[in-house]
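Peer 1: My file is work_23.txt. It has compact mmCIF, C-alpha atoms:
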```
# COMPACT_ATOMS: atom_id res chain seq x y z
CA MET A 1 0.00 0.00 0.00
CA GLY A 2 3.07 2.24 -0.05
CA PHE A 3 3.16 3.13 3.67
CA LYS A 4 6.65 3.80 5.04
CA CYS A 5 7.86 3.92 8.63
CA GLY A 6 11.15 5.80 8.93
CA ILE A 7 13.86 5.04 11.49
CA LEU A 8 15.55 8.29 12.51
CA GLY A 9 17.80 9.71 15.20
CA LEU A 10 21.23 11.23 15.73
CA PRO A 11 24.18 9.54 14.02
CA ASN A 12 25.47 6.35 15.63
CA VAL A 13 22.57 5.66 18.02
CA GLY A 14 21.64 2.21 16.65
CA LYS A 15 19.34 3.03 13.72
CA SER A 16 21.08 0.85 11.15
CA THR A 17 21.52 -2.01 13.63
CA LEU A 18 17.78 -1.87 14.33
CA PHE A 19 17.05 -1.77 10.60
CA ASN A 20 19.33 -4.78 10.04
CA ALA A 21 17.55 -6.67 12.79
CA LEU A 22 14.10 -5.80 11.44
CA THR A 23 14.96 -6.76 7.87
CA LYS A 24 17.68 -9.34 8.57
CA SER A 25 19.80 -7.47 6.06
CA SER A 26 23.41 -6.42 6.22
CA ILE A 27 23.73 -2.73 5.43
CA PRO A 28 26.77 -1.09 7.07
CA ALA A 29 26.42 -0.27 10.77
CA GLU A 30 29.77 1.17 11.82
CA ASN A 31 31.03 3.19 14.78
CA PHE A 32 31.23 6.58 13.06
CA PRO A 33 28.70 9.30 12.11
CA PHE A 34 26.99 9.32 8.69
CA CYS A 35 27.76 5.67 7.93
CA THR A 36 24.27 5.68 6.38
CA ILE A 37 23.98 8.31 3.64
CA GLU A 38 21.31 7.03 1.26
CA PRO A 39 18.12 5.75 2.92
CA ASN A 40 17.72 1.97 2.91
CA LEU A 41 14.30 0.39 2.48
CA GLY A 42 13.25 -3.04 3.71
CA ILE A 43 9.95 -4.95 3.55
CA VAL A 44 9.17 -6.58 6.90
CA SER A 45 6.56 -9.25 7.72
CA VAL A 46 4.15 -8.16 10.44
CA PRO A 47 4.07 -10.78 13.25
CA ASP A 48 0.52 -11.94 13.93
CA ASN A 49 -0.23 -15.19 15.77
CA ARG A 50 -3.81 -15.04 14.53
CA LEU A 51 -2.69 -16.08 11.05
CA ASN A 52 -1.33 -19.45 12.18
CA ASN A 53 -4.29 -19.95 14.51
CA ILE A 54 -6.66 -19.49 11.56
CA ASN A 55 -4.59 -21.85 9.42
CA ASN A 56 -4.88 -24.58 12.07
CA PHE A 57 -8.49 -25.00 10.87
CA VAL A 58 -7.80 -24.42 7.17
CA ASN A 59 -4.49 -26.18 6.41
CA SER A 60 -3.72 -23.97 3.42
CA GLU A 61 -0.86 -24.72 1.03
CA LYS A 62 0.66 -21.29 1.83
CA VAL A 63 0.55 -19.00 4.85
CA ILE A 64 1.31 -15.40 3.86
CA PRO A 65 1.66 -12.63 6.46
CA THR A 66 1.08 -8.99 5.65
CA SER A 67 4.05 -6.65 5.49
CA MET A 68 5.16 -3.04 5.85
CA SER A 69 8.12 -0.92 4.79
CA PHE A 70 10.84 0.36 7.10
CA VAL A 71 13.39 2.94 5.98
CA ASP A 72 16.79 3.52 7.60
CA ILE A 73 17.38 7.28 7.33
CA ALA A 74 20.76 8.97 7.64
CA GLY A 75 21.61 10.47 11.04
CA LEU A 76 20.69 14.06 11.83
CA VAL A 77 22.82 16.61 13.68
CA LYS A 78 22.09 19.98 15.24
CA GLY A 79 21.71 22.55 12.48
CA ALA A 80 20.39 20.13 9.84
CA SER A 81 17.59 22.57 8.99
CA LYS A 82 20.36 25.06 8.12
CA GLY A 83 22.35 22.55 6.07
CA GLU A 84 24.59 20.99 8.74
CA GLY A 85 25.52 17.30 8.37
CA LEU A 86 23.43 15.88 5.55
CA GLY A 87 20.97 18.73 6.08
CA ASN A 88 18.15 19.00 3.59
CA ALA A 89 18.74 15.49 2.19
CA PHE A 90 17.92 14.09 5.64
CA LEU A 91 14.83 16.25 6.04
CA SER A 92 13.49 15.43 2.58
CA ASN A 93 13.85 11.71 3.35
CA ILE A 94 11.79 12.16 6.53
CA ARG A 95 9.13 14.09 4.62
CA GLU A 96 8.48 10.97 2.50
CA MET A 97 7.68 8.89 5.61
CA ASN A 98 4.19 8.26 6.96
CA ALA A 99 5.38 7.57 10.54
CA LEU A 100 8.63 7.68 12.50
CA LEU A 101 10.56 5.49 14.93
CA HIS A 102 12.98 7.77 16.80
CA VAL A 103 15.95 5.77 18.13
CA VAL A 104 17.54 7.34 21.23
CA ARG A 105 20.75 5.99 22.77
CA CYS A 106 20.33 5.62 26.54
CA PHE A 107 23.60 3.96 27.60
CA ASP A 108 27.16 4.99 28.29
CA ASP A 109 29.96 3.18 26.47
CA GLU A 110 33.37 4.78 25.90
CA ASN A 111 33.91 2.45 22.95
CA VAL A 112 30.87 3.82 21.07
CA VAL A 113 31.24 7.45 20.05
CA HIS A 114 28.46 10.00 20.44
CA VAL A 115 28.17 12.83 17.94
CA ASP A 116 27.95 15.42 20.79
CA GLY A 117 30.58 13.73 22.95
CA ALA A 118 28.25 12.84 25.86
CA ILE A 119 25.13 10.76 26.49
CA ASN A 120 22.03 12.81 27.24
CA PRO A 121 18.82 11.18 25.93
CA LEU A 122 16.61 14.22 26.57
CA LYS A 123 19.02 16.56 24.82
CA ASP A 124 19.16 14.15 21.87
CA VAL A 125 15.36 14.12 21.62
CA GLU A 126 15.31 17.90 21.83
CA THR A 127 17.87 18.15 19.00
CA ILE A 128 15.73 16.02 16.68
CA ASN A 129 12.50 17.79 17.66
CA LEU A 130 13.95 21.24 17.09
CA GLU A 131 15.32 20.38 13.65
CA LEU A 132 11.93 19.02 12.58
CA ILE A 133 10.22 22.12 13.97
CA PHE A 134 12.68 24.57 12.36
CA ALA A 135 12.15 22.91 8.97
CA ASP A 136 8.36 23.12 9.44
CA ILE A 137 8.37 26.75 10.55
CA GLU A 138 10.06 27.66 7.27
CA ILE A 139 7.24 25.92 5.37
CA LEU A 140 4.54 27.48 7.56
CA GLU A 141 5.94 30.99 7.11
CA LYS A 142 5.90 30.61 3.32
CA ARG A 143 2.33 29.29 3.39
CA TYR A 144 1.34 32.15 5.75
CA GLN A 145 2.55 34.73 3.23
CA LYS A 146 0.58 33.10 0.40
CA LEU A 147 -2.56 33.00 2.54
CA GLU A 148 -2.33 36.71 3.31
CA LYS A 149 -2.53 37.44 -0.42
CA LEU A 150 -5.58 35.18 -0.75
CA ILE A 151 -7.26 36.84 2.25
CA ARG A 152 -6.92 40.24 0.57
CA SER A 153 -8.81 38.79 -2.39
CA GLY A 154 -11.67 37.72 -0.07
CA ASP A 155 -10.90 33.99 0.28
CA GLU A 156 -12.73 32.76 3.43
CA ASP A 157 -10.90 29.42 3.60
CA ALA A 158 -7.60 31.30 3.60
CA LYS A 159 -8.66 33.06 6.84
CA LYS A 160 -9.33 29.71 8.51
CA HIS A 161 -6.06 28.24 7.26
CA LYS A 162 -4.10 31.27 8.47
CA ALA A 163 -5.57 30.80 11.96
CA ILE A 164 -4.57 27.11 11.95
CA ILE A 165 -1.00 27.98 10.95
CA HIS A 166 -0.84 30.63 13.66
CA SER A 167 -1.98 28.04 16.26
CA LEU A 168 0.60 25.51 15.03
CA MET A 169 3.43 28.01 15.26
CA GLU A 170 2.40 28.91 18.81
CA LEU A 171 2.49 25.22 19.75
CA MET A 172 5.99 24.91 18.28
CA GLU A 173 7.37 27.87 20.24
CA ASN A 174 8.21 25.74 23.31
CA GLY A 175 10.31 23.32 21.24
CA ASN A 176 7.90 20.41 21.64
CA LEU A 177 6.26 18.54 18.78
CA PRO A 178 2.78 20.01 18.26
CA LYS A 179 -0.19 17.91 19.34
CA LEU A 180 -3.27 17.99 17.14
CA ASP A 181 -5.78 17.01 19.85
CA ASN A 182 -7.57 20.36 19.83
CA PHE A 183 -7.97 20.58 16.05
CA ASP A 184 -11.15 19.29 14.38
CA THR A 185 -11.30 16.88 11.45
CA GLU A 186 -11.28 19.56 8.74
CA GLU A 187 -8.41 21.41 10.39
CA ILE A 188 -6.36 18.21 10.67
CA LYS A 189 -7.04 17.50 7.00
CA PHE A 190 -5.50 20.87 6.11
CA ILE A 191 -2.51 20.27 8.42
CA GLU A 192 -1.89 16.86 6.84
CA SER A 193 -1.96 18.43 3.38
CA MET A 194 1.19 20.39 4.29
CA ASN A 195 3.09 17.15 5.06
CA LEU A 196 4.85 18.61 8.09
CA LEU A 197 7.70 16.73 9.76
CA SER A 198 6.86 17.57 13.37
CA THR A 199 3.26 16.28 13.21
CA LYS A 200 4.10 12.81 11.86
CA PRO A 201 3.13 9.96 14.25
CA MET A 202 6.17 8.90 16.30
CA VAL A 203 7.34 6.25 18.77
CA LEU A 204 10.57 6.48 20.78
CA ILE A 205 12.89 3.45 20.72
CA ALA A 206 15.17 3.59 23.77
CA ASN A 207 18.40 1.79 22.84
CA LEU A 208 19.79 0.19 26.00
CA SER A 209 22.86 -1.78 27.03
CA ASP A 210 22.48 -5.33 28.34
CA ASP A 211 24.43 -3.99 31.36
CA ASP A 212 21.80 -2.12 33.40
CA SER A 213 24.43 -0.09 35.23
CA LYS A 214 25.20 1.76 31.98
CA ASN A 215 21.60 2.72 31.21
CA ASN A 216 19.85 6.05 31.73
CA LEU A 217 16.18 5.53 30.92
CA ALA A 218 14.26 7.37 33.65
CA ASP A 219 14.39 10.85 32.07
CA LEU A 220 13.22 9.57 28.69
CA GLU A 221 10.37 7.60 30.29
CA ALA A 222 9.24 10.75 32.15
CA TYR A 223 9.40 12.75 28.89
CA SER A 224 7.37 10.16 26.97
CA LYS A 225 4.71 10.10 29.69
CA SER A 226 4.36 13.89 29.94
CA ASN A 227 4.21 14.24 26.13
CA SER A 228 1.98 11.18 25.50
CA ILE A 229 4.56 9.58 23.18
CA ASP A 230 4.92 5.79 23.38
CA ILE A 231 8.37 4.46 24.27
CA ILE A 232 9.76 0.97 23.63
CA PRO A 233 12.94 0.03 25.54
CA ALA A 234 15.15 -2.37 23.55
CA VAL A 235 18.67 -3.76 23.71
CA ILE A 236 19.11 -3.37 19.97
CA ASN A 237 22.36 -5.36 19.78
CA VAL A 238 20.62 -8.32 21.44
CA GLU A 239 17.64 -7.95 19.08
CA HIS A 240 20.06 -8.05 16.15
CA GLU A 241 21.60 -11.27 17.49
CA LEU A 242 18.16 -12.82 18.00
CA ALA A 243 17.03 -11.89 14.49
CA ASN A 244 19.93 -13.79 12.94
CA LEU A 245 19.39 -17.06 14.84
CA GLU A 246 17.51 -20.10 13.59
CA GLN A 247 14.07 -20.53 15.14
CA GLU A 248 15.12 -23.22 17.63
CA GLU A 249 18.21 -21.27 18.73
CA GLN A 250 16.16 -18.10 19.02
CA ALA A 251 13.64 -19.84 21.29
CA GLU A 252 16.47 -21.06 23.55
CA TYR A 253 18.03 -17.58 23.70
CA LEU A 254 14.67 -15.97 24.50
CA GLU A 255 14.13 -18.46 27.33
CA LEU A 256 17.60 -17.66 28.66
CA LEU A 257 16.74 -13.94 28.58
CA GLY A 258 13.33 -14.56 30.21
CA MET A 259 11.48 -13.14 27.18
CA ASP A 260 8.34 -14.49 25.46
CA GLU A 261 9.19 -12.93 22.08
CA PRO A 262 11.68 -10.48 20.56
CA VAL A 263 11.11 -6.79 21.29
CA LEU A 264 11.35 -6.43 17.49
CA ASN A 265 7.81 -7.78 17.24
CA LYS A 266 6.56 -4.96 19.45
CA ILE A 267 8.52 -2.42 17.39
CA ILE A 268 7.07 -3.70 14.11
CA LEU A 269 3.54 -3.64 15.52
CA SER A 270 4.07 -0.14 16.90
CA GLY A 271 4.99 1.03 13.39
CA TYR A 272 1.89 -0.69 12.03
CA LYS A 273 -0.34 1.08 14.57
CA LEU A 274 1.38 4.42 13.97
CA LEU A 275 0.40 4.12 10.33
CA ASN A 276 -3.23 3.68 11.41
CA LEU A 277 -3.43 0.24 9.82
CA GLU A 278 -5.25 -2.96 10.66
CA THR A 279 -5.53 -6.49 9.31
CA PHE A 280 -8.18 -8.71 7.76
CA PHE A 281 -7.71 -12.30 6.60
CA THR A 282 -8.67 -14.56 3.73
CA ALA A 283 -8.49 -18.32 4.18
CA GLY A 284 -8.88 -21.18 1.70
CA PRO A 285 -7.19 -24.37 0.47
CA LYS A 286 -4.50 -22.55 -1.53
CA GLU A 287 -3.54 -19.81 0.92
CA CYS A 288 -4.25 -18.34 4.31
CA ARG A 289 -3.31 -14.68 4.08
CA ALA A 290 -3.23 -11.45 6.08
CA TRP A 291 -4.03 -8.16 4.31
CA THR A 292 -3.40 -4.57 5.36
CA ILE A 293 -6.05 -1.86 5.26
CA ARG A 294 -6.46 1.60 6.75
CA LYS A 295 -8.64 1.71 9.84
CA ASN A 296 -12.29 2.48 9.07
CA SER A 297 -12.11 0.96 5.58
CA LEU A 298 -15.35 -0.20 3.97
CA ALA A 299 -15.73 -3.72 2.57
CA PRO A 300 -15.27 -2.70 -1.12
CA GLN A 301 -12.03 -0.87 -0.19
CA ALA A 302 -10.76 -3.99 1.55
CA ALA A 303 -11.62 -6.05 -1.53
CA GLY A 304 -9.67 -3.54 -3.62
CA VAL A 305 -6.50 -4.30 -1.63
CA ILE A 306 -6.64 -7.82 -3.06
CA HIS A 307 -7.39 -6.61 -6.59
CA THR A 308 -8.79 -3.36 -7.94
CA ASP A 309 -11.35 -5.33 -10.00
CA PHE A 310 -12.78 -6.74 -6.76
CA GLU A 311 -13.59 -3.25 -5.51
CA ARG A 312 -15.25 -2.22 -8.77
CA GLY A 313 -17.28 -5.43 -8.98
CA PHE A 314 -18.04 -5.81 -5.27
CA ILE A 315 -21.40 -7.45 -4.50
CA LYS A 316 -21.17 -8.60 -0.89
CA ALA A 317 -18.81 -10.06 1.71
CA GLU A 318 -19.11 -13.17 3.85
CA VAL A 319 -17.60 -12.18 7.21
CA ILE A 320 -16.63 -14.10 10.35
CA SER A 321 -14.93 -12.36 13.27
CA TYR A 322 -11.60 -13.86 14.34
CA GLU A 323 -12.99 -14.71 17.77
CA ASP A 324 -15.95 -16.62 16.30
CA PHE A 325 -13.73 -18.39 13.75
CA ILE A 326 -11.52 -19.72 16.53
CA SER A 327 -14.32 -20.41 19.03
CA TYR A 328 -16.34 -22.46 16.53
CA GLU A 329 -13.30 -24.16 14.95
CA GLY A 330 -13.38 -22.66 11.48
CA GLU A 331 -15.85 -21.59 8.83
CA SER A 332 -18.19 -24.59 8.95
CA GLY A 333 -18.61 -24.34 12.73
CA ALA A 334 -19.14 -20.57 12.59
CA ARG A 335 -21.66 -20.96 9.76
CA LYS A 336 -23.54 -23.64 11.72
CA GLU A 337 -23.78 -21.37 14.76
CA GLY A 338 -25.01 -18.44 12.65
CA LYS A 339 -21.79 -16.47 13.06
CA LEU A 340 -21.13 -16.01 9.34
CA ARG A 341 -22.63 -12.70 8.23
CA LEU A 342 -23.43 -11.30 4.79
CA GLU A 343 -22.33 -7.67 4.61
CA GLY A 344 -22.78 -5.04 1.91
CA LYS A 345 -20.96 -1.98 0.61
CA ASP A 346 -21.45 0.02 3.83
CA TYR A 347 -19.83 -2.57 6.10
CA LEU A 348 -16.91 -1.19 8.13
CA VAL A 349 -14.25 -3.90 8.19
CA MET A 350 -13.04 -4.80 11.69
CA ASP A 351 -9.52 -5.82 12.62
CA GLY A 352 -9.26 -9.62 12.50
CA ASP A 353 -12.24 -10.24 10.20
CA ILE A 354 -12.00 -13.36 8.03
CA ILE A 355 -13.67 -12.39 4.74
CA HIS A 356 -14.72 -14.07 1.52
CA PHE A 357 -15.70 -11.52 -1.14
CA LYS A 358 -18.38 -11.95 -3.81
CA PHE A 359 -17.94 -9.82 -6.90
CA ASN A 360 -18.58 -9.38 -10.63
CA VAL A 361 -15.64 -8.85 -13.00
```
Produce structure tokens that represent the structure in this file.
Peer 2:
Amino acid sequence: MGFKCGILGLPNVGKSTLFNALTKSSIPAENFPFCTIEPNLGIVSVPDNRLNNINNFVNSEKVIPTSMSFVDIAGLVKGASKGEGLGNAFLSNIREMNALLHVVRCFDDENVVHVDGAINPLKDVETINLELIFADIEILEKRYQKLEKLIRSGDEDAKKHKAIIHSLMELMENGNLPKLDNFDTEEIKFIESMNLLSTKPMVLIANLSDDDSKNNLADLEAYSKSNSIDIIPAVINVEHELANLEQEEQAEYLELLGMDEPVLNKIILSGYKLLNLETFFTAGPKECRAWTIRKNSLAPQAAGVIHTDFERGFIKAEVISYEDFISYEGESGARKEGKLRLEGKDYLVMDGDIIHFKFNV
């Protein structure tokens, strides 16, 4: 569907190592700033135990998870909005993203250099936030000037848009990423049309050491709580090791670490949620498959994800909720208990629905 989740942060904080773990690829991840210059893109399967649970009753020839794109973006330094480091190239790469994972280094290690010479997670977050805000203010000021000309010509929408921009700039004055909670649907639609950097959905990834004595997480946790930004603590080096093990070895390592699953799974799912996505399933003899849709998609739109012809020729959908499918041991049991529903064009697809589409082509 073309959605991209960008991995950003200061140079040398663990972005490329995280990307390598997520994609099991081998792009360079070295101990010096700007090792990553061009953004790297990887397609990652979204972990979802429901898919295998569904297939237990279907026994399809293939089991196909849904996927999403992650992008490893070059490191940013203070002054990027004025051309420092990789400057505008970095910012333009971020602008192409739909959501952001901000990696913040939260451990001391004299063998791993820091671009500013010292570890300070809050200062690092502030550096990134300010550069995003500075880049956005430049865009907002240019739009503001254009709107003033339109207002003089009597454009009523321009007056509303000018007020929105004024409110955004006031929110940015304190150096924090602006929250859109107090804007209505139409106002948010206008804000999204400007493709601002500082309003993109974001999760913080706290990169920790496996030696707790080296970690400094408390300040970042307090920041995430006060600013309502989710934070995921992760020992990224360990996650990278786990990602490159065979399944049996990985299970043994996880047991040794006292973990049920890799933190990577949580990171992938956080990116999925940031993008405002959800999953429906199709299940038959040939394949059991997960599909990605935007939240609040109607049944014809979901059909169109499979094939555009299905959306155009949509007639109806046979729908079973995931819970009913499992509880009644598959389609035949759900049908027998009256849990299979026929839905039309106005049906709002729910996360976890198992659907069979009827259509004309």
Peer 1: May I ask for the distance between CA of Lys179 in chain A and CA of Lys160 in chain A, given in Å to one decimal place?
Peer 2: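 Pair CA of Lys179 in chain A / CA of Lys160 in chain A returns 18.4 Å.
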Peer 1: Just to confirm, what's the straight-line distance from CA of Asn174 in chain A to CA of Ala118 in chain A in Å (one decimal)?
Peer 2: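 For CA of Asn174 in chain A relative to CA of Ala118 in chain A, the distance reads 24.0 Å.
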Peer 1: Compile the contact shell of Gly330 in chain A as a ChimeraX atom specification: residues with an atom at most 12 Å away, counting all atoms listed in the file, same-chain residues fewer than 2 positions apart removed.
Peer 2: /A:53-59,283-284,320-328,332-337,339-340,354
Peer 1: Keeping only C-alpha atoms, write the selected residues as a compact mmCIF listing (two decimals), in the frame of the given file.
Peer 2:
```
# COMPACT_ATOMS: atom_id res chain seq x y z
CA ASN A 53 -4.29 -19.95 14.51
CA ILE A 54 -6.66 -19.49 11.56
CA ASN A 55 -4.59 -21.85 9.42
CA ASN A 56 -4.88 -24.58 12.07
CA PHE A 57 -8.49 -25.00 10.87
CA VAL A 58 -7.80 -24.42 7.17
CA ASN A 59 -4.49 -26.18 6.41
CA ALA A 283 -8.49 -18.32 4.18
CA GLY A 284 -8.88 -21.18 1.70
CA ILE A 320 -16.63 -14.10 10.35
CA SER A 321 -14.93 -12.36 13.27
CA TYR A 322 -11.60 -13.86 14.34
CA GLU A 323 -12.99 -14.71 17.77
CA ASP A 324 -15.95 -16.62 16.30
CA PHE A 325 -13.73 -18.39 13.75
CA ILE A 326 -11.52 -19.72 16.53
CA SER A 327 -14.32 -20.41 19.03
CA TYR A 328 -16.34 -22.46 16.53
CA SER A 332 -18.19 -24.59 8.95
CA GLY A 333 -18.61 -24.34 12.73
CA ALA A 334 -19.14 -20.57 12.59
CA ARG A 335 -21.66 -20.96 9.76
CA LYS A 336 -23.54 -23.64 11.72
CA GLU A 337 -23.78 -21.37 14.76
CA LYS A 339 -21.79 -16.47 13.06
CA LEU A 340 -21.13 -16.01 9.34
CA ILE A 354 -12.00 -13.36 8.03
```
Peer 1: Using only C-alpha atoms, which of the listed residues (A:Ser92, A:Ser167, A:Thr185, A:Thr66) sits closest to Thr279 in chain A?
Peer 2: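 So, comparing all the options, the nearest one is A:Thr66.
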Peer 1: So which residues touch Asn244 in chain A within 12 Å, counting only C-alpha atoms, skipping near sequence neighbours fewer than 5 positions away, as JSON, numbers by chain?
Peer 2: {"A": [17, 20, 21, 22, 23, 24, 25, 26, 237, 238, 239, 249, 250, 253, 262]}
